[in-house]
Amino acid sequence: MQIRWTTRRSVAVLTLLALLACALCISTYRIFGNFWDEPEHIAAGLVLIDRGEYLYDNQHPPLARLAAAIGPYLAGARFRGDPNPNGEAQGRDLLYHSTASYEQLLTLARLGMLPFLLVLLGATWSWMRHWHGDAAALLAVLFLVSSPVILGHAAVVALDVPVTALTVASLYLLLRWFETPSVPRGLGLGLSVGLAVATKMSAVPFIGIAAATLILLRLGMLRASPLRSPIRSQLLRRAGSGALALALALLLVIGVYGGKLVYLTTPDMAPSKALNFIAGSRGLLHDLAYRFAARVPLPLGFQMVPLNFLGVEWHNENGHLSFLLGQIANRGWWYFYIVALTFKTTVPLLLLGLPGLALLAIRAVRESNLYLLAPSACFVSILIFCCVYSHINIGVRHVLIAYPLLAMGAGYATVAAWNRWRWRAARAALIGLTLWQASTLVYAYPDYLAYFNAMAGEHPERILVDSDLDWGGQDLRRLERVLAARHVTQLSIGYKGTADLSLEALPPYTLLAPNQPVKGWVAITMLTLQENQPGYGWLLQYRPLQRVGKSFDLYYIP
């Protein structure tokens, strides 16, 4: 029996899946204390709302941070005196010392991330429905909703789900603009791209690389088509709406910082990184820009956007301490994201998503159809870019864009296989894989962010740690309950995170120092242990009494 989908029925199922995803995210809020980046993100957004300044970790634009800060601001969170120059310390102070409680502020901040999850689900559904129909679209959303990594990152204040959502929306609107390069579609594309870049700078290469790949493929298909219209006329028809899209995107990226006006340099032409980025470090344009900027104040975004680019470039050039398969490195490994996707993705999504993308590519080449090829082309081009370019290997979260594309492949493969194979065994296998995927929501709960598939075995900490298993000792609240139940009266704790341990419900504790073995109760986070194996290797001769959540090991050393 085949279900006859109507728009109303399709939207109803999409709505139910979206509500389920939001409910699951919200249900985890009180289980976990703050993750590593959450205090700084909240502080960065709040200082922009409250003071019109952007002070913390300026390699990231503020859109998602503003969304996280709105709730705490409305609940009365404010800066006491001048903002602390350290974003983590300021965010910690806001969470622990505001009129509203720690739990209330953190919950309100996390709720600000859910609209981005809804955008992600809606964009994935729209993309698949437009070119593949309702059944494939809803299956793609089901595979996405039941991907623990997506729900885990959607449930915390972070930039990765927001930029993924807006990047998927941008790529979908780019394809629709290819179909009909009208002014309204150009405006929609510009709006989406601007919001994506205003969320995280990785949107620039993701959208740029994918768009360049799609444009080249489109030009190749136009040349190969015997019915093609002249390529020059194709480009001319798109120039106007494309320019409009670019102008709107730039306006949004600059405008998201607010209307505060600043001088980019002083009257004596003090060097400005922002101006040098815009106009070069010497020459006529440089001199004119300095003279202008010394006399005319400009919106804060003109200063901050160049600093965003420079901050990301500096971070990538200098790398970030990373862990993979027992190794520690500062500039990462080219295969990091391949390993991360292999072990952090559900097995059914791998088994259906990768073949589905391959089938789409084969069919697209045969039919010379860019729109069929788009998910596969975006997946491959973005993943290659990340493997070749990125030296910041701190989690599969940096390639979350792979998940909606894999979900599209899985939705397509399931429908295609169902329609092609009518024998019971094949259809039973498809139903089994889909149920396996959906059941992950149950057996991975509530540790969606720390999820690893069965191939990782019992010790995923030997494969990946930072923000994949332990993102700042997120199970601190669970540890407190375990210690209370065991009547622990003294603790040595190895902790890498941003909570204020002095204000947590811990027994009297001392911080566990490297190369200093101790006796008694010891709790240590996976991140602390794995990123300093020489300093804490002495613990490995003991067997932990308990893994608390996914991020702490608890020992008793007699």
# chains A, B, ... in the order shown; residues from 1 in each chain; ligands from 1
>>> select_by_dssp(residues="region 138-357 of chain A", states="helix (DSSP H, G or I)", output="PyMOL selection string")
chain A and resi 138-145+148-154+160-179+183-197+203-224+231-255+273-279+284-295+300-318+336-344+347-357
>>> residues_around(residues="Gly356 (chain A)", least_positions_apart="6", cutoff="8 Å", atoms="only C-alpha atoms", output="JSON, numbers by chain")
{"A": [406, 408, 409, 410, 411, 412, 413, 414]}
>>> write_last_selection(atoms="all heavy atoms", output="compact mmCIF listing (two decimals), in the first residue's frame")
# COMPACT_ATOMS: atom_id res chain seq x y z
N LEU A 406 23.73 13.68 4.25
CA LEU A 406 23.61 12.22 4.38
C LEU A 406 22.15 11.81 4.56
O LEU A 406 21.71 10.78 4.01
CB LEU A 406 24.43 11.72 5.56
CG LEU A 406 25.93 11.56 5.37
CD1 LEU A 406 26.61 11.29 6.71
CD2 LEU A 406 26.23 10.43 4.38
N MET A 408 19.56 13.31 3.34
CA MET A 408 18.94 13.37 2.02
C MET A 408 19.25 12.11 1.22
O MET A 408 18.37 11.53 0.57
CB MET A 408 19.43 14.61 1.26
CG MET A 408 18.98 15.93 1.85
SD MET A 408 19.66 17.32 0.92
CE MET A 408 19.44 18.65 2.09
N GLY A 409 20.51 11.69 1.28
CA GLY A 409 20.88 10.46 0.59
C GLY A 409 20.13 9.26 1.13
O GLY A 409 19.66 8.40 0.37
N ALA A 410 19.97 9.19 2.46
CA ALA A 410 19.26 8.07 3.07
C ALA A 410 17.78 8.08 2.69
O ALA A 410 17.19 7.02 2.40
CB ALA A 410 19.42 8.13 4.59
N GLY A 411 17.16 9.26 2.68
CA GLY A 411 15.76 9.35 2.28
C GLY A 411 15.55 8.92 0.84
O GLY A 411 14.61 8.17 0.53
N TYR A 412 16.44 9.37 -0.03
CA TYR A 412 16.33 8.99 -1.44
C TYR A 412 16.55 7.49 -1.62
O TYR A 412 15.79 6.82 -2.34
CB TYR A 412 17.35 9.76 -2.27
CG TYR A 412 17.38 9.35 -3.72
CD1 TYR A 412 16.42 9.80 -4.61
CD2 TYR A 412 18.36 8.47 -4.18
CE1 TYR A 412 16.43 9.42 -5.93
CE2 TYR A 412 18.37 8.06 -5.51
CZ TYR A 412 17.42 8.54 -6.38
OH TYR A 412 17.42 8.14 -7.70
N ALA A 413 17.59 6.95 -0.97
CA ALA A 413 17.90 5.52 -1.14
C ALA A 413 16.76 4.65 -0.63
O ALA A 413 16.42 3.63 -1.26
CB ALA A 413 19.19 5.19 -0.39
N THR A 414 16.15 5.02 0.48
CA THR A 414 15.07 4.21 1.05
C THR A 414 13.87 4.16 0.11
O THR A 414 13.31 3.08 -0.16
CB THR A 414 14.65 4.78 2.41
OG1 THR A 414 15.79 4.84 3.27
CG2 THR A 414 13.58 3.92 3.05
>>> residues_around(residues="region 101-104 of chain A", least_positions_apart="6", cutoff="12 Å", atoms="only C-alpha atoms", output="VMD selection string")
chain A and resid 29 to 34 39 71 to 77 91 to 95 110 to 111 477 499 to 500 503 to 504
>>> write_last_selection(atoms="C-alpha atoms", output="PDB file, in the first residue's frame")
ATOM      1  CA  TYR A  29      18.663  20.671  29.776  1.00  0.00           C
ATOM      2  CA  ARG A  30      18.543  19.884  33.500  1.00  0.00           C
ATOM      3  CA  ILE A  31      20.678  16.778  33.154  1.00  0.00           C
ATOM      4  CA  PHE A  32      23.785  18.612  32.001  1.00  0.00           C
ATOM      5  CA  GLY A  33      25.595  21.567  33.482  1.00  0.00           C
ATOM      6  CA  ASN A  34      27.130  24.101  31.177  1.00  0.00           C
ATOM      7  CA  PRO A  39      29.254  30.844  29.249  1.00  0.00           C
ATOM      8  CA  GLY A  71      16.292  35.017  27.148  1.00  0.00           C
ATOM      9  CA  PRO A  72      18.830  35.698  29.931  1.00  0.00           C
ATOM     10  CA  TYR A  73      18.627  39.434  29.223  1.00  0.00           C
ATOM     11  CA  LEU A  74      14.843  39.410  29.570  1.00  0.00           C
ATOM     12  CA  ALA A  75      15.264  37.425  32.812  1.00  0.00           C
ATOM     13  CA  GLY A  76      17.372  40.245  34.244  1.00  0.00           C
ATOM     14  CA  ALA A  77      20.956  39.120  33.576  1.00  0.00           C
ATOM     15  CA  GLY A  91      29.840  34.189  31.384  1.00  0.00           C
ATOM     16  CA  ARG A  92      30.446  32.162  34.522  1.00  0.00           C
ATOM     17  CA  ASP A  93      29.762  35.237  36.651  1.00  0.00           C
ATOM     18  CA  LEU A  94      26.516  35.890  34.778  1.00  0.00           C
ATOM     19  CA  LEU A  95      25.310  32.323  35.241  1.00  0.00           C
ATOM     20  CA  ARG A 110      19.533  26.998  25.206  1.00  0.00           C
ATOM     21  CA  LEU A 111      15.960  27.639  24.120  1.00  0.00           C
ATOM     22  CA  ARG A 477      25.831  17.469  37.951  1.00  0.00           C
ATOM     23  CA  ALA A 499      31.857  25.670  35.612  1.00  0.00           C
ATOM     24  CA  ASP A 500      32.678  27.312  38.946  1.00  0.00           C
ATOM     25  CA  LEU A 503      29.842  26.955  43.772  1.00  0.00           C
ATOM     26  CA  GLU A 504      28.907  23.422  42.797  1.00  0.00           C
TER      27      GLU A 504
END
>>> residues_around(residues="region 375-381 of chain A", least_positions_apart="4", cutoff="10 Å", atoms="only C-alpha atoms", output="VMD selection string")
chain A and resid 127 to 128 168 171 to 172 206 to 207 209 to 214 217 354 356 to 362 364 370 to 371 385 to 386 399 401 to 409
>>> residues_around(residues="Leu46 (chain A)", least_positions_apart="4", cutoff="10 Å", atoms="only C-alpha atoms", output="ChimeraX atom specification")
/A:40-42,50-54,65-73,77-79,91,94
>>> residues_around(residues="region 189-205 of chain A", least_positions_apart="4", cutoff="8 Å", atoms="only C-alpha atoms", output="MDAnalysis selection string")
chainID A and resid 59:64 159:160 162:163 166:167 169:170 173:174 177 185 209 244:253 256 308:309 312
>>> write_last_selection(atoms="C-alpha atoms", output="mmCIF file, in the first residue's frame")
data_model
loop_
_atom_site.group_PDB
_atom_site.id
_atom_site.type_symbol
_atom_site.label_atom_id
_atom_site.label_comp_id
_atom_site.auth_asym_id
_atom_site.auth_seq_id
_atom_site.Cartn_x
_atom_site.Cartn_y
_atom_site.Cartn_z
ATOM 1 C CA GLN A 59 36.569 35.093 15.455
ATOM 2 C CA HIS A 60 32.841 34.301 15.679
ATOM 3 C CA PRO A 61 30.039 36.638 14.485
ATOM 4 C CA PRO A 62 27.199 37.289 16.945
ATOM 5 C CA LEU A 63 23.880 36.111 15.487
ATOM 6 C CA ALA A 64 23.524 32.810 17.379
ATOM 7 C CA LEU A 159 27.228 27.852 16.810
ATOM 8 C CA ASP A 160 27.391 24.591 14.905
ATOM 9 C CA PRO A 162 22.828 27.366 13.666
ATOM 10 C CA VAL A 163 25.436 27.650 10.921
ATOM 11 C CA LEU A 166 21.445 28.455 7.609
ATOM 12 C CA THR A 167 24.013 26.911 5.257
ATOM 13 C CA ALA A 169 18.888 26.869 3.688
ATOM 14 C CA SER A 170 21.349 28.945 1.633
ATOM 15 C CA LEU A 173 17.771 28.758 -2.041
ATOM 16 C CA LEU A 174 20.798 28.913 -4.344
ATOM 17 C CA TRP A 177 17.667 30.737 -7.719
ATOM 18 C CA ARG A 185 14.613 34.572 -4.965
ATOM 19 C CA ILE A 209 32.989 25.978 -2.055
ATOM 20 C CA LEU A 244 21.215 42.145 -5.055
ATOM 21 C CA ALA A 245 21.698 38.930 -3.081
ATOM 22 C CA LEU A 246 25.343 39.767 -2.410
ATOM 23 C CA ALA A 247 24.508 43.320 -1.314
ATOM 24 C CA LEU A 248 21.822 42.112 1.099
ATOM 25 C CA ALA A 249 24.146 39.458 2.538
ATOM 26 C CA LEU A 250 26.887 42.039 3.197
ATOM 27 C CA LEU A 251 24.375 44.407 4.767
ATOM 28 C CA LEU A 252 23.200 41.710 7.172
ATOM 29 C CA VAL A 253 26.712 40.591 8.090
ATOM 30 C CA VAL A 256 24.090 42.200 12.937
ATOM 31 C CA ASN A 308 36.288 37.678 12.360
ATOM 32 C CA PHE A 309 38.176 36.614 9.239
ATOM 33 C CA VAL A 312 39.671 32.348 12.128
#
>>> atom_distance(atom1="CA of Asn515 (chain A)", atom2="CA of Leu529 (chain A)")
11.7 Å
>>> residues_around(residues="Gly258 (chain A)", least_positions_apart="5", cutoff="9 Å", atoms="only C-alpha atoms", output="PyMOL selection string")
chain A and resi 48-49+52+299-301
